[in-house]
Amino acid sequence: QNASNVVLYGVVDEFVTHIKVEGAGAVTRLDSSGLLASRWGMRGREDLGAGLAANFALEYGFNADNGSAADANRPFNRQSWAGMSGSWGEFRLGRQNTPQFFMNGKFDAFGGATQASGWNNVTGTAPRVDDAVGYFTPVLANVKAQVLYARGAIAGAPVAAESRANRNIHTAVEYEIPRLYVGLNHEIIDNQSLAFSQRRLGLGASYAVTSRWRIYAATGRETRSDGSLNQNLYAISAGWQLTPASNLAFGYFKLKDRLSGAGHGDADQTSVLYRYSLSKRTTIYSALSHLQQHGLRNNLSLGGAAVVAAGARPTTAVPGGSIDALQLGITHSF
Amino acid sequence: QNASNVVLYGVVDEFVTHIKVEGAGAVTRLDSSGLLASRWGMRGREDLGAGLAANFALEYGFNADNGSAADANRPFNRQSWAGMSGSWGEFRLGRQNTPQFFMNGKFDAFGGATQASGWNNVTGTAPRVDDAVGYFTPVLANVKAQVLYARGAIAGAPVAAESRANRNIHTAVEYEIPRLYVGLNHEIIDNQSLAFSQRRLGLGASYAVTSRWRIYAATGRETRSDGSLNQNLYAISAGWQLTPASNLAFGYFKLKDRLSGAGHGDADQTSVLYRYSLSKRTTIYSALSHLQQHGLRNNLSLGGAAVVAAGARPTTAVPGGSIDALQLGITHSF
Amino acid sequence: QNASNVVLYGVVDEFVTHIKVEGAGAVTRLDSSGLLASRWGMRGREDLGAGLAANFALEYGFNADNGSAADANRPFNRQSWAGMSGSWGEFRLGRQNTPQFFMNGKFDAFGGATQASGWNNVTGTAPRVDDAVGYFTPVLANVKAQVLYARGAIAGAPVAAESRANRNIHTAVEYEIPRLYVGLNHEIIDNQSLAFSQRRLGLGASYAVTSRWRIYAATGRETRSDGSLNQNLYAISAGWQLTPASNLAFGYFKLKDRLSGAGHGDADQTSVLYRYSLSKRTTIYSALSHLQQHGLRNNLSLGGAAVVAAGARPTTAVPGGSIDALQLGITHSF
């Protein structure tokens, strides 16, 4: 009778990387969350009858190389929600992944992760938000949509301010048939702690040319109302399934910056990623990446699966500087 | 042979609330821990033979709306103890729930939770303490008692200070027969970080008038040795079990303040709570609450199951101001 | 097919202690992590075929007396690694136990824990390090070895600094046959946040004189390149297995300080530890310890299994002061 069916799960992802940063030397180091973000979590689904279910997820991101929390202020920084699902779709209440998080992983042949994903290195879309109400439609005619609305409670903030601030609206629609995927998403962020309103639009598609080759293309546009951000993103990539266990992905990414001045300028990245699955749960990966900044741009970095570790990534102080890196990692899911 | 029997369990409780605060406007927001405090935990019981058992509980409270810890200084803020039990009762060593925590939930028809429980909104009894030795008697002639003594180690504090400070003594006795419950508790808190000694006394009872109706009454007295607190609490409420799955609770709460001056004055609250169980593990709830402060009082707020989130609750700056709220939530246990 | 086999495990260790510190009075208090460090964790092993396995461990230390984290900066402070093992040995990537941690527990009859272990109270070997690559050899001719190399990524640190700093090298070799154990370990720590390079050497052995008696001896040497540390450690102890469930251990420990001045001087400790296992998972223990400092030394303290709580341990302000303590605890594993 309604026995608990909690699933304890997680990922431990560790990689060694050698990064050469123009004008700042080179570093070899161990780090976490290259292909998948290191995490542990609990999730469950309770069948309530008549097609209805109660669902929850609690997901705690961490830096596997040193045991620290990915977000010291939010232990369950990746997911913390309860909700219900039925034939009418699903709703979730709490901190949850944005449509952008789900979709960025489908926009390139790198799964939107590792140092190889230029798209992931540059896009500023929010991967998840607090205090959100999310709704997923069921799949209708191969189409599904997601809407996420958040108006966050800020601890200790006065009432009047809370009622106006922190409006996040994320929307997305996806079309998928056996060989083709197309996704479109949009986000608006109005936050009382920000001096601007922010909008980001993303469109991506992939197509299975043969059973072994899949090609990907994506484009994005990111702007702020105060004119401090105005850029376009372009990514093309291809994945080659050499064997059932091994995949080789190639890609080219381009950032087109419409602004000028300190820190501004275009950038492009060329990358290769090789993944070999030792089992369904254990994968070895290696990425080779070349990121070239142009003009006065000097603030990009190579990331991984976890956006939160951005502060620890090496950047260059040289305008138009390049970053080259080799990454070799293991990701184990449990 | 003594296989581990750890149980992984938890609660995710999310609610939407609209709160109208006199003189401070209204807010609609998502929050955590309305009916039950969001938490995850591990607990276990090992049978040692001869009626003896070793027991432990580790319970981590969190704010499900944003994934933050309920107490950033104490991940296992709700329970962290080991102990033993037998025919002679049970002892527990570590951070643990006070008798007040257990009993407040039995003092009104709201389970001492949601915004509807005036008793929970006002009482200042400590729900749990660090470094405690607790003892529970077995049930004898329908009576059981609990004693909890704590003399906390403070990290880095000098020895002499530790030996005198932080004396908490919590005592409780309960009488329960099929239709009647009576509970009495008392706490004394002498803490070196406080300028006063604090005492709180609580007495409550409930009686099942019919199989569907249960009535509750409770009274409390709270004082501080320096005269900064001197108040009486009164609560009456009734629960109506409409169907096996649905319960409607009504209640009236009165605070009688014996002091005057800024922040002082009486208060009363009238509330209704409706709970509908979709299963043993999933419940939907809705509360309607009206809290009216009198005199110069302006510091009360509507809470939930978790005492720790008090800082985030809206209060009014208007002396004698009222707070009205509607709360709609879902609580899922796993 | 590669089903998840994560094991959820842990320890809750609580003890009451009475500590008498010369010149600073006495304290009676509850504390955590006497015999074993309180912790919870997840670990797993996935068989990949051909003798190969993928392994991981995540281990979160906490103070069971108050529910706080053992290391607020690193929730998984005790272990956070992934790796692989096979007939060639095992490698681990991430935060992990040093050879010193494993070996100190084998150097005296107290398991290198409780207030009774003078060796544990004094040695400054690092129990675990961040960002490490560790390798364990297989057992060959009753010998096994461990090497651990760490070059830690520091969040936000510039690239050039990262490439030079934080070099930890830990090495160890062990020889074990049915009645005899011999272990030797060495550590070098060069950390950019330290003004010196630190070296520590440890050598220990134990021998089963009869089936009930085992004797232990160990010696260590600890130095810093700037001359701020220069000391030798000596420990002898014996364990008497009174019954299959009960063990009585005696020991004498000597610190020989080669430096003089404030805080310097020799020390010795005499201790007794009694352990009684109620089951394989639940043990009651009691230790009686006398630590005598000499010269100007006044900074030693009695610890437990967890090194992290050192800041909370009472020390004496009296040069050459003594510390006497009685410890009574329960440790429960799950």
# chains A, B, ... in the order shown; residues from 1 in each chain; ligands from 1

$ residues_around --residues "Thr270 (chain A)" --least-positions-apart "2" --cutoff "10 Å" --atoms "only C-alpha atoms" --output "PyMOL selection string"
chain A and resi 116-118+237+250-254+268+272+288-292+324

$ residues_around --residues "Ala317 (chain B)" --least-positions-apart "2" --cutoff "7 Å" --atoms "only C-alpha atoms" --output "ChimeraX atom specification"
/B:23,298,315,319

$ closest_atom_pairs --of "chain A" --to "chain C" --cutoff "9 Å" --atoms "only C-alpha atoms" --output "JSON lines"
{"residue": "A:Leu8", "atom": "CA", "partner": "C:Val6", "partner_atom": "CA", "distance": 7.8}
{"residue": "A:Tyr9", "atom": "CA", "partner": "C:Val6", "partner_atom": "CA", "distance": 7.7}
{"residue": "A:Val12", "atom": "CA", "partner": "C:Ala82", "partner_atom": "CA", "distance": 6.2}
{"residue": "A:Asp13", "atom": "CA", "partner": "C:Ala82", "partner_atom": "CA", "distance": 7.2}
{"residue": "A:Glu14", "atom": "CA", "partner": "C:Leu93", "partner_atom": "CA", "distance": 6.5}
{"residue": "A:Phe15", "atom": "CA", "partner": "C:Leu93", "partner_atom": "CA", "distance": 8.0}
{"residue": "A:Val16", "atom": "CA", "partner": "C:Leu93", "partner_atom": "CA", "distance": 8.9}
{"residue": "A:Ile19", "atom": "CA", "partner": "C:Val159", "partner_atom": "CA", "distance": 8.8}
{"residue": "A:Lys20", "atom": "CA", "partner": "C:Val159", "partner_atom": "CA", "distance": 9.0}
{"residue": "A:Val21", "atom": "CA", "partner": "C:Val159", "partner_atom": "CA", "distance": 8.0}
{"residue": "A:Ala24", "atom": "CA", "partner": "C:Ala160", "partner_atom": "CA", "distance": 6.3}
{"residue": "A:Gly25", "atom": "CA", "partner": "C:Ala160", "partner_atom": "CA", "distance": 5.9}
{"residue": "A:Ala26", "atom": "CA", "partner": "C:Val159", "partner_atom": "CA", "distance": 6.7}
{"residue": "A:Val27", "atom": "CA", "partner": "C:Ser163", "partner_atom": "CA", "distance": 4.8}
{"residue": "A:Thr28", "atom": "CA", "partner": "C:Ser163", "partner_atom": "CA", "distance": 6.5}
{"residue": "A:Arg29", "atom": "CA", "partner": "C:Ala153", "partner_atom": "CA", "distance": 6.3}
{"residue": "A:Leu30", "atom": "CA", "partner": "C:Asp131", "partner_atom": "CA", "distance": 5.6}
{"residue": "A:Asp31", "atom": "CA", "partner": "C:Asp131", "partner_atom": "CA", "distance": 7.0}
{"residue": "A:Ser32", "atom": "CA", "partner": "C:Gly94", "partner_atom": "CA", "distance": 8.2}
{"residue": "A:Phe62", "atom": "CA", "partner": "C:Phe76", "partner_atom": "CA", "distance": 8.4}
{"residue": "A:Asn63", "atom": "CA", "partner": "C:Ser80", "partner_atom": "CA", "distance": 8.5}
{"residue": "A:Ala64", "atom": "CA", "partner": "C:Ser80", "partner_atom": "CA", "distance": 5.4}
{"residue": "A:Asp65", "atom": "CA", "partner": "C:Gly94", "partner_atom": "CA", "distance": 4.0}
{"residue": "A:Asn66", "atom": "CA", "partner": "C:Asp130", "partner_atom": "CA", "distance": 4.5}
{"residue": "A:Gly67", "atom": "CA", "partner": "C:Phe76", "partner_atom": "CA", "distance": 4.4}
{"residue": "A:Ser68", "atom": "CA", "partner": "C:Arg74", "partner_atom": "CA", "distance": 3.9}
{"residue": "A:Ala69", "atom": "CA", "partner": "C:Pro75", "partner_atom": "CA", "distance": 6.4}
{"residue": "A:Ala72", "atom": "CA", "partner": "C:Asn73", "partner_atom": "CA", "distance": 7.9}
{"residue": "A:Leu278", "atom": "CA", "partner": "C:Leu48", "partner_atom": "CA", "distance": 6.8}
{"residue": "A:Ser279", "atom": "CA", "partner": "C:Leu48", "partner_atom": "CA", "distance": 6.7}
{"residue": "A:Lys280", "atom": "CA", "partner": "C:Asn2", "partner_atom": "CA", "distance": 6.7}
{"residue": "A:Arg281", "atom": "CA", "partner": "C:Asn2", "partner_atom": "CA", "distance": 7.0}
{"residue": "A:Thr282", "atom": "CA", "partner": "C:Ala54", "partner_atom": "CA", "distance": 7.1}
{"residue": "A:Ala309", "atom": "CA", "partner": "C:Ala155", "partner_atom": "CA", "distance": 8.1}
{"residue": "A:Ala310", "atom": "CA", "partner": "C:Gly156", "partner_atom": "CA", "distance": 8.8}
{"residue": "A:Gly311", "atom": "CA", "partner": "C:Gly156", "partner_atom": "CA", "distance": 5.4}
{"residue": "A:Ala312", "atom": "CA", "partner": "C:Gly156", "partner_atom": "CA", "distance": 4.3}
{"residue": "A:Arg313", "atom": "CA", "partner": "C:Gly156", "partner_atom": "CA", "distance": 7.1}
{"residue": "A:Pro314", "atom": "CA", "partner": "C:Val159", "partner_atom": "CA", "distance": 5.9}
{"residue": "A:Thr315", "atom": "CA", "partner": "C:Val159", "partner_atom": "CA", "distance": 8.1}
{"residue": "A:Thr316", "atom": "CA", "partner": "C:Val159", "partner_atom": "CA", "distance": 8.9}
{"residue": "A:Ile330", "atom": "CA", "partner": "C:Ala82", "partner_atom": "CA", "distance": 7.7}
{"residue": "A:Thr331", "atom": "CA", "partner": "C:Ala82", "partner_atom": "CA", "distance": 7.9}
{"residue": "A:His332", "atom": "CA", "partner": "C:Ala82", "partner_atom": "CA", "distance": 7.2}
{"residue": "A:Ser333", "atom": "CA", "partner": "C:Ser4", "partner_atom": "CA", "distance": 8.1}
{"residue": "A:Phe334", "atom": "CA", "partner": "C:Ser4", "partner_atom": "CA", "distance": 5.1}

$ atom_distance --atom1 "CA of Ser322 (chain A)" --atom2 "CA of Thr17 (chain A)"
16.2 Å

$ select_by_dssp --residues "region 169-274 of chain A" --states "strand (DSSP E)" --output "JSON, numbers by chain"
{"A": [169, 170, 171, 172, 173, 174, 175, 176, 177, 180, 181, 182, 183, 184, 185, 186, 187, 188, 189, 190, 197, 198, 199, 200, 201, 202, 203, 204, 205, 206, 207, 208, 213, 214, 215, 216, 217, 218, 219, 220, 221, 222, 223, 224, 230, 231, 232, 233, 234, 235, 236, 237, 238, 239, 240, 241, 242, 243, 246, 247, 248, 249, 250, 251, 252, 253, 254, 255, 256, 257, 267, 268, 269, 270, 271, 272, 273, 274]}
